[in-house]
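The next block holds one structure in the form of structure tokens; read it before the comments.
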Amino acid sequence: MKKLADIGMIGLAVMGENLARNIESKGFTVAVFNRELERVDEFTAQYGDGNFIAAYSLEELVANLAKPRKVFMMIKAGSPVDETIDRLLPLLEKGDIIIDGGNSHFPDTIRRTAYVESKGLLYIGTGVSGGEEGALLGPSMMPGGSPDAWPHVKPIFQAICAVADGSPCCDWVGENGAGHFVKMVHNGIEYGDIQLICEAYHIMRDYLGLTDDEMHEVFESWRSSDLSSYLIDITADILAYKDEDGEPLVEKILDAAGQKGTGKWTAVAALDEGVPLTLIGEAVFARCLSAQKEERVEASKILGSEITRFVGTDEEKKAFINSISRALLASKVVSYAQGYMLMRAAAESYGWHLNYGGIALMWRGGCIIRSVFLGRIYDAYKADPELTNLLTTPYFRELMAGLIPDWRRVVGACVAAGLPTPAFSSALAYYDGYRCPRLPANLLQAQRDYFGAHTYERVDAPRGEFFHTNWTGRGGTTSAGTYNA
């Protein structure tokens with residue numbers, strides 16, 4: 001009897017190749033296909049001794065799959081996904097499952113889920129985090145889509161994922177586009193974490209005057225602190241790496257950042273939901289500003305580029321480095337708090353039933369933002385599943401209160417020195433704004449009403465009752481009813 005594969009993999013670039021190898025290593029049989037057929041030959045030549053079935057067409061791939069057929073696409077996001085779905089649908093049967101493991105935009109996944117389900121099939125859009133190494137050795141996966149598909153793929157997905165404290169870093173996220181939305185927020189938090197670490201590096205290099213070797217030692221010490229994370233680990237490694245001439249390689253890399261769009265998607269989603277995702281937004285804009293390299297160089301000649309250096313003893317410098325670590329931790333808390341606020345708002349908008357503590361568990365291993373920090377988030381949501389904001393929980397409230405003096409010290413010193421810290425600064429501004437019971441938006445509303453008759457609410461009237469004033473003094477104030485014009 002012909003042996004059939006447990007799952008089919010479309011796309012044998014690095015991520016698809018490593019996921020296929022990972023799945024096969026856990027005892028599953030994998031049928032593999034790639035649009036460029038020579039890549040199938042290369043793959044089978046290298047790994048052909050395993051439980052792989054080479055397919056040279058989509059028809060051959062589908063014919064080699066056990067029912068319900070499970071087809072995993074690891075291909076470029078966008079139109080290639082839609083084109084592949086349309087090619088697969090005539091080949092599959094009711095109850096078969098199409099899986100998209102790329103970085104697709106969540107509205108596309110919402111649309112594709114409805115489309116595939118309308119044809120009688122099931123669809124999954126899953127975030128896959130961890131990069132090339134994670135794909136091979138154990139990623140974090142965030143699947144969402146057709147709930148009926150989950151029992152069929154769960155044994156495979158959970159077998160290949162990273163494990164943290166005995167639990168696989170993969171569980172069902174929610175309906176239609178929920179999985180890709182959570183992965184998008186993960187990437188947005190990743191943008192924020194990276195920017196915060198880069199700002200800490202910038203402060204130590206240009207304000208404190210530390211060498212790369214000295215900064216490497218600092219990041220090494222942070223590996224065993226509350227900042228312990230994958231990104232801290234790799235930063236320590238990067239700062240220690242020397243080029244062929246013995247000089248630090250990182251200082252030879254052009255300071256113009258790239259981006260693939262998931263951070264921007266996160267910021268746009270926050271604007272759509274009305275969530276103040278300030279830190280991640282600043283992280284995206286910081287990359288945009290860095291990309292204006294030539295313009296910045298010319299501006300520095302006109303505007304000057306001087307940064308006032310730190311003045312103090314070695315002990316005072318050590319104390320300031322400790323302040324940087326505490327400011328970094330405080331800002332990181334804000335980044336996660338904002339990310340969770342966005343997920344909560346989107347869940348309400350799209351009717352998703354997200355397990356927020358479970359998401360923290362999925363992020364504890366395998367993914368780029370994995371850190372010891374996530375266990376505290378899980379604890380917070382386990383204690384209160386309806387939690388509005390992480391900052392208000394007992395643990396984080398007390399933690400932030402202790403970090404505030406160092407946080408203000410670092411941001412204030414950088415402002416005075418002329419060194420930009422957009423993520424540190426915006427995180428602090430958000431924290432201060434969130435705890436402020438009376439913001440100046442009363443004046444803002446008055447201005448909007450003055451020039452556009454947009455109305456306003458009053459502190460001495462019930463919420464939802466709106467008023468309009470003739471601000472030139474002729475006509476006075478009138479009630480505008482219970483809607484905002």
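In the structure tokens, the first chain shown is A, the next is B, and so on; residue numbers restart at 1 for each chain, and ligands run from 1 in the order shown.
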Considering only C-alpha atoms, give me a table of residues in range 330-438 of chain A that are at most 9 Å from range 132-156 of chain A, with the closest atom pair and distance in Å for each, as JSON lines.
```
{"residue": "A:Ile359", "atom": "CA", "partner": "A:Met142", "partner_atom": "CA", "distance": 8.1}
{"residue": "A:Met362", "atom": "CA", "partner": "A:Ser140", "partner_atom": "CA", "distance": 6.1}
{"residue": "A:Trp363", "atom": "CA", "partner": "A:Ser140", "partner_atom": "CA", "distance": 6.4}
{"residue": "A:Arg364", "atom": "CA", "partner": "A:Ser140", "partner_atom": "CA", "distance": 8.3}
{"residue": "A:Gly365", "atom": "CA", "partner": "A:Ser140", "partner_atom": "CA", "distance": 6.4}
{"residue": "A:Gly366", "atom": "CA", "partner": "A:Pro139", "partner_atom": "CA", "distance": 4.2}
{"residue": "A:Cys367", "atom": "CA", "partner": "A:Ser140", "partner_atom": "CA", "distance": 5.2}
{"residue": "A:Ile368", "atom": "CA", "partner": "A:Ser140", "partner_atom": "CA", "distance": 8.8}
```
Keeping only N, CA and C atoms, write the selected residues as a short mmCIF file (atom, residue, chain, number, x, y, z; two decimals), in the first residue's frame.
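This went into out.cif:
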```cif
data_model
loop_
_atom_site.label_atom_id
_atom_site.label_comp_id
_atom_site.auth_asym_id
_atom_site.auth_seq_id
_atom_site.Cartn_x
_atom_site.Cartn_y
_atom_site.Cartn_z
N ILE A 359 -1.22 33.44 25.22
CA ILE A 359 -0.34 34.09 24.24
C ILE A 359 1.03 34.33 24.86
N MET A 362 2.92 31.18 24.73
CA MET A 362 3.41 30.88 23.39
C MET A 362 4.69 31.64 23.07
N TRP A 363 4.84 32.81 23.68
CA TRP A 363 5.99 33.68 23.41
C TRP A 363 7.18 33.41 24.33
N ARG A 364 7.06 32.46 25.25
CA ARG A 364 8.16 32.23 26.20
C ARG A 364 9.32 31.46 25.60
N GLY A 365 9.11 30.82 24.47
CA GLY A 365 10.19 30.05 23.84
C GLY A 365 10.04 30.07 22.34
N GLY A 366 11.16 29.91 21.65
CA GLY A 366 11.12 29.79 20.20
C GLY A 366 11.06 31.10 19.44
N CYS A 367 10.42 32.13 19.99
CA CYS A 367 10.21 33.36 19.22
C CYS A 367 11.27 34.41 19.53
N ILE A 368 11.26 35.47 18.74
CA ILE A 368 12.28 36.51 18.85
C ILE A 368 12.15 37.30 20.15
#
```
Residue neighbourhood Asn64 in chain A, 12 Å, only C-alpha atoms, exclusion window fewer than 6 positions, as an NGL selection string | :A and (2-9 or 29-33 or 52-58 or 70-71 or 91-92)
Based on the selection just made, write C-alpha atoms of those residues as a compact mmCIF listing (two decimals), in the first residue's frame.
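Below is the file that was written, out.txt:
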```txt
# COMPACT_ATOMS: atom_id res chain seq x y z
CA LYS A 2 1.30 3.43 -0.97
CA LYS A 3 2.65 5.48 1.94
CA LEU A 4 0.93 8.85 2.27
CA ALA A 5 2.31 11.98 3.87
CA ASP A 6 0.92 13.51 7.06
CA ILE A 7 1.35 17.02 5.67
CA GLY A 8 2.48 18.76 2.49
CA MET A 9 4.93 21.68 2.39
CA THR A 29 6.04 12.06 6.72
CA VAL A 30 6.22 15.26 4.66
CA ALA A 31 5.48 15.73 0.97
CA VAL A 32 7.47 18.66 -0.41
CA PHE A 33 6.93 20.89 -3.44
CA PHE A 52 10.02 12.90 2.59
CA ILE A 53 7.99 12.48 -0.58
CA ALA A 54 9.10 14.64 -3.50
CA ALA A 55 6.29 16.23 -5.54
CA TYR A 56 6.80 17.99 -8.85
CA SER A 57 3.33 19.48 -9.18
CA LEU A 58 0.50 20.51 -6.88
CA LYS A 70 -3.09 19.30 5.22
CA VAL A 71 -1.22 21.66 2.89
CA LEU A 91 -7.59 19.58 -6.14
CA LEU A 92 -8.85 19.29 -2.57
```
Residues near range 251-268 of chain A, cut-off 7 Å, only C-alpha atoms, skip fewer than 3 positions along chain, as a CSV table (one decimal) with all heavy atoms, in the first residue's frame:
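File produced: around-v6.csv:
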```
chain,number,residue,atom,x,y,z
A,184,MET,N,1.5,39.6,14.2
A,184,MET,CA,1.8,41.0,13.9
A,184,MET,C,2.1,41.8,15.1
A,184,MET,O,3.1,42.6,15.1
A,184,MET,CB,0.6,41.6,13.1
A,184,MET,CG,0.8,43.1,12.7
A,184,MET,SD,-0.8,43.8,12.2
A,184,MET,CE,-1.6,44.0,13.8
A,185,VAL,N,1.4,41.6,16.2
A,185,VAL,CA,1.6,42.4,17.4
A,185,VAL,C,3.0,41.9,18.0
A,185,VAL,O,3.8,42.7,18.5
A,185,VAL,CB,0.5,42.2,18.4
A,185,VAL,CG1,0.9,42.8,19.8
A,185,VAL,CG2,-0.8,42.8,17.9
A,187,ASN,N,5.5,41.0,16.3
A,187,ASN,CA,6.5,41.6,15.5
A,187,ASN,C,6.6,43.1,15.9
A,187,ASN,O,7.7,43.7,15.9
A,187,ASN,CB,6.3,41.5,14.0
A,187,ASN,CG,6.6,40.1,13.5
A,187,ASN,OD1,6.7,39.2,14.3
A,187,ASN,ND2,6.8,40.0,12.2
A,188,GLY,N,5.5,43.7,16.2
A,188,GLY,CA,5.5,45.1,16.7
A,188,GLY,C,6.3,45.3,18.0
A,188,GLY,O,7.1,46.2,18.1
A,191,TYR,N,9.9,45.1,17.2
A,191,TYR,CA,10.3,46.4,16.8
A,191,TYR,C,10.7,47.3,18.0
A,191,TYR,O,11.7,47.9,18.1
A,191,TYR,CB,9.3,47.1,16.0
A,191,TYR,CG,9.3,46.9,14.5
A,191,TYR,CD1,9.1,45.6,13.9
A,191,TYR,CD2,9.5,47.9,13.6
A,191,TYR,CE1,9.1,45.4,12.6
A,191,TYR,CE2,9.5,47.7,12.2
A,191,TYR,CZ,9.3,46.4,11.7
A,191,TYR,OH,9.3,46.2,10.4
A,248,PRO,N,35.6,45.8,15.9
A,248,PRO,CA,34.2,45.4,16.0
A,248,PRO,C,33.4,45.5,14.7
A,248,PRO,O,33.4,46.6,14.1
A,248,PRO,CB,33.6,46.4,17.1
A,248,PRO,CG,34.8,46.9,17.8
A,248,PRO,CD,35.9,46.9,16.8
A,271,LEU,N,-3.9,52.7,15.2
A,271,LEU,CA,-4.6,53.9,14.8
A,271,LEU,C,-6.0,53.6,14.5
A,271,LEU,O,-7.0,54.3,14.9
A,271,LEU,CB,-3.9,54.6,13.6
A,271,LEU,CG,-2.5,55.2,13.9
A,271,LEU,CD1,-1.9,55.6,12.6
A,271,LEU,CD2,-2.7,56.4,14.8
A,272,ASP,N,-6.3,52.4,13.8
A,272,ASP,CA,-7.6,52.0,13.4
A,272,ASP,C,-8.4,51.7,14.7
A,272,ASP,O,-9.6,52.0,14.7
A,272,ASP,CB,-7.6,50.8,12.5
A,272,ASP,CG,-7.1,51.1,11.1
A,272,ASP,OD1,-7.1,52.3,10.7
A,272,ASP,OD2,-6.7,50.1,10.4
A,277,LEU,N,-0.5,53.2,20.8
A,277,LEU,CA,0.7,52.3,20.7
A,277,LEU,C,1.9,53.1,20.4
A,277,LEU,O,2.6,53.0,19.4
A,277,LEU,CB,0.4,51.3,19.6
A,277,LEU,CG,1.2,50.0,19.6
A,277,LEU,CD1,0.6,49.0,20.6
A,277,LEU,CD2,1.2,49.3,18.2
A,280,ILE,N,5.8,51.5,20.0
A,280,ILE,CA,6.0,50.8,18.7
A,280,ILE,C,6.0,51.7,17.5
A,280,ILE,O,6.8,51.6,16.6
A,280,ILE,CB,5.0,49.6,18.6
A,280,ILE,CG1,5.3,48.5,19.7
A,280,ILE,CG2,5.1,49.0,17.2
A,280,ILE,CD1,4.2,47.5,19.9
A,281,GLY,N,5.1,52.7,17.6
A,281,GLY,CA,5.0,53.7,16.5
A,281,GLY,C,6.3,54.4,16.4
A,281,GLY,O,6.9,54.6,15.3
A,284,VAL,N,9.0,52.3,14.7
A,284,VAL,CA,8.8,52.3,13.3
A,284,VAL,C,9.4,53.5,12.7
A,284,VAL,O,10.2,53.5,11.7
A,284,VAL,CB,7.4,52.1,12.9
A,284,VAL,CG1,7.2,52.2,11.4
A,284,VAL,CG2,6.8,50.7,13.4
A,287,ARG,N,13.2,53.8,12.5
A,287,ARG,CA,13.8,53.1,11.4
A,287,ARG,C,13.7,53.9,10.1
A,287,ARG,O,14.6,54.0,9.3
A,287,ARG,CB,13.1,51.7,11.1
A,287,ARG,CG,13.3,50.7,12.2
A,287,ARG,CD,13.0,49.3,11.8
A,287,ARG,NE,13.0,48.4,12.9
A,287,ARG,CZ,13.0,47.0,12.7
A,287,ARG,NH1,12.9,46.5,11.5
A,287,ARG,NH2,13.0,46.2,13.8
A,290,SER,N,16.3,56.6,10.3
A,290,SER,CA,17.6,56.0,10.1
A,290,SER,C,17.9,55.8,8.6
A,290,SER,O,19.0,56.0,8.1
A,290,SER,CB,17.8,54.7,10.8
A,290,SER,OG,17.2,53.6,10.1
A,291,ALA,N,16.8,55.5,7.8
A,291,ALA,CA,17.0,55.3,6.4
A,291,ALA,C,17.3,56.5,5.6
A,291,ALA,O,17.8,56.4,4.5
A,291,ALA,CB,15.7,54.6,5.8
A,293,LYS,N,19.7,58.4,5.7
A,293,LYS,CA,21.2,58.5,6.0
A,293,LYS,C,21.8,59.7,5.4
A,293,LYS,O,22.4,60.5,6.1
A,293,LYS,CB,21.9,57.2,5.6
A,293,LYS,CG,23.4,57.3,5.8
A,293,LYS,CD,23.8,57.4,7.3
A,293,LYS,CE,25.4,57.4,7.4
A,293,LYS,NZ,25.8,57.5,8.8
```
Phe28 in chain A proximity check over A:Gly102, A:Leu289, A:Tyr47, A:Phe157, using only C-alpha atoms: winner is A:Phe157
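The residue that comes closest to Glu214 in chain A, out of A:Ile189, A:Ile160, A:Leu374, A:Leu239 and on the basis of only C-alpha atoms, is A:Leu239.
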What gap, in Å, lies between CA of Thr392 in chain A and CA of Ile197 in chain A?
-> 24.7 Å
Find the residues around Gln447 in chain A up to 12 Å (only C-alpha atoms counted), leave out those fewer than 4 positions away in its own chain, and share them as JSON, numbers by chain.
-> {"A": [440, 441, 442, 443, 451, 452, 453, 454, 455, 456, 468, 469, 470, 471]}
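You can rank A:Asp108, A:Asp49, A:Glu24, A:Asp193 by their closest distance to Ser371 in chain A using only C-alpha atoms, and at the top of that list sits A:Asp193.
Inside range 29-121 of chain A, the residues DSSP reads as strand (DSSP E) when given the backbone are A:Val30, A:Ala31, A:Val32, A:Phe33, A:Phe52, A:Ile53, A:Ala54, A:Lys70, A:Val71, A:Phe72, A:Met73, A:Ile97, A:Ile98, A:Ile99, A:Asp100.
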Pick out each residue of range 172-271 of chain A that DSSP on the backbone tags as alpha helix (DSSP H); I need them as a PyMOL selection string.
-> chain A and resi 178-202+212-222+230-240+262-271
Which residues come within 12 Å of range 300-305 of chain A, counting only C-alpha atoms, excluding same-chain residues fewer than 3 positions away, as a short mmCIF file (atom, residue, chain, number, x, y, z; two decimals) with N, CA, C and O atoms, in the first residue's frame?
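The result, stored in result.cif:
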```
data_model
loop_
_atom_site.label_atom_id
_atom_site.label_comp_id
_atom_site.auth_asym_id
_atom_site.auth_seq_id
_atom_site.Cartn_x
_atom_site.Cartn_y
_atom_site.Cartn_z
N ASP A 206 27.74 56.74 22.89
CA ASP A 206 27.97 58.15 22.58
C ASP A 206 27.85 59.09 23.76
O ASP A 206 28.36 60.21 23.72
N LYS A 293 19.75 58.37 5.67
CA LYS A 293 21.16 58.49 6.05
C LYS A 293 21.82 59.72 5.43
O LYS A 293 22.41 60.54 6.15
N GLU A 294 21.75 59.84 4.12
CA GLU A 294 22.44 60.95 3.46
C GLU A 294 21.88 62.31 3.89
O GLU A 294 22.63 63.26 4.11
N GLU A 295 20.56 62.36 4.06
CA GLU A 295 19.93 63.60 4.51
C GLU A 295 20.37 63.96 5.92
O GLU A 295 20.61 65.13 6.24
N ARG A 296 20.50 62.96 6.79
CA ARG A 296 20.95 63.21 8.16
C ARG A 296 22.40 63.70 8.20
O ARG A 296 22.74 64.58 8.99
N VAL A 297 23.22 63.14 7.35
CA VAL A 297 24.63 63.57 7.30
C VAL A 297 24.72 65.04 6.89
O VAL A 297 25.46 65.82 7.49
N THR A 308 26.65 66.18 24.31
CA THR A 308 27.38 66.44 25.55
C THR A 308 27.70 65.11 26.23
O THR A 308 26.79 64.31 26.47
N ALA A 417 21.64 66.17 26.89
CA ALA A 417 22.87 65.93 26.12
C ALA A 417 22.66 66.04 24.61
O ALA A 417 23.63 66.12 23.86
N GLY A 418 21.39 66.04 24.17
CA GLY A 418 21.12 66.10 22.74
C GLY A 418 21.17 64.75 22.06
O GLY A 418 21.37 64.67 20.85
N LEU A 419 20.98 63.68 22.82
CA LEU A 419 21.02 62.33 22.27
C LEU A 419 19.59 61.79 22.15
O LEU A 419 18.87 61.75 23.15
N PRO A 420 19.15 61.38 20.95
CA PRO A 420 17.75 60.97 20.77
C PRO A 420 17.45 59.62 21.40
O PRO A 420 18.18 58.65 21.19
#
```
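For the pair CA of Ile203 in chain A and CA of Phe396 in chain A, the separation is 25.4 Å.
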With only C-alpha atoms counted and 6 Å as the cut-off, give the residues of range 91-112 of chain A in contact with range 119-131 of chain A, each with its shortest interatomic distance in Å and the pair that gives it, as CSV.
```
residue,atom,partner,partner_atom,distance
A:Lys94,CA,A:Gly120,CA,4.9
A:Gly95,CA,A:Leu121,CA,4.8
A:Asp96,CA,A:Leu121,CA,5.3
A:Ile97,CA,A:Leu122,CA,4.7
A:Ile98,CA,A:Tyr123,CA,5.0
A:Ile99,CA,A:Ile124,CA,4.7
A:Asp100,CA,A:Gly125,CA,4.8
A:Gly101,CA,A:Thr126,CA,5.0
```
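CA of Ala286 in chain A sits 22.1 Å away from CA of Leu249 in chain A.
Considering the residues A:Leu61, A:Cys169, A:Ile321, A:Ala413 and counting only C-alpha atoms, Leu361 in chain A has its shortest atom-to-atom contact with A:Cys169.
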Determine the nearest neighbour of Trp407 in chain A from the options A:Ala114, A:Ala200, A:Val40, A:Ala299, counting only C-alpha atoms.
-> A:Ala200
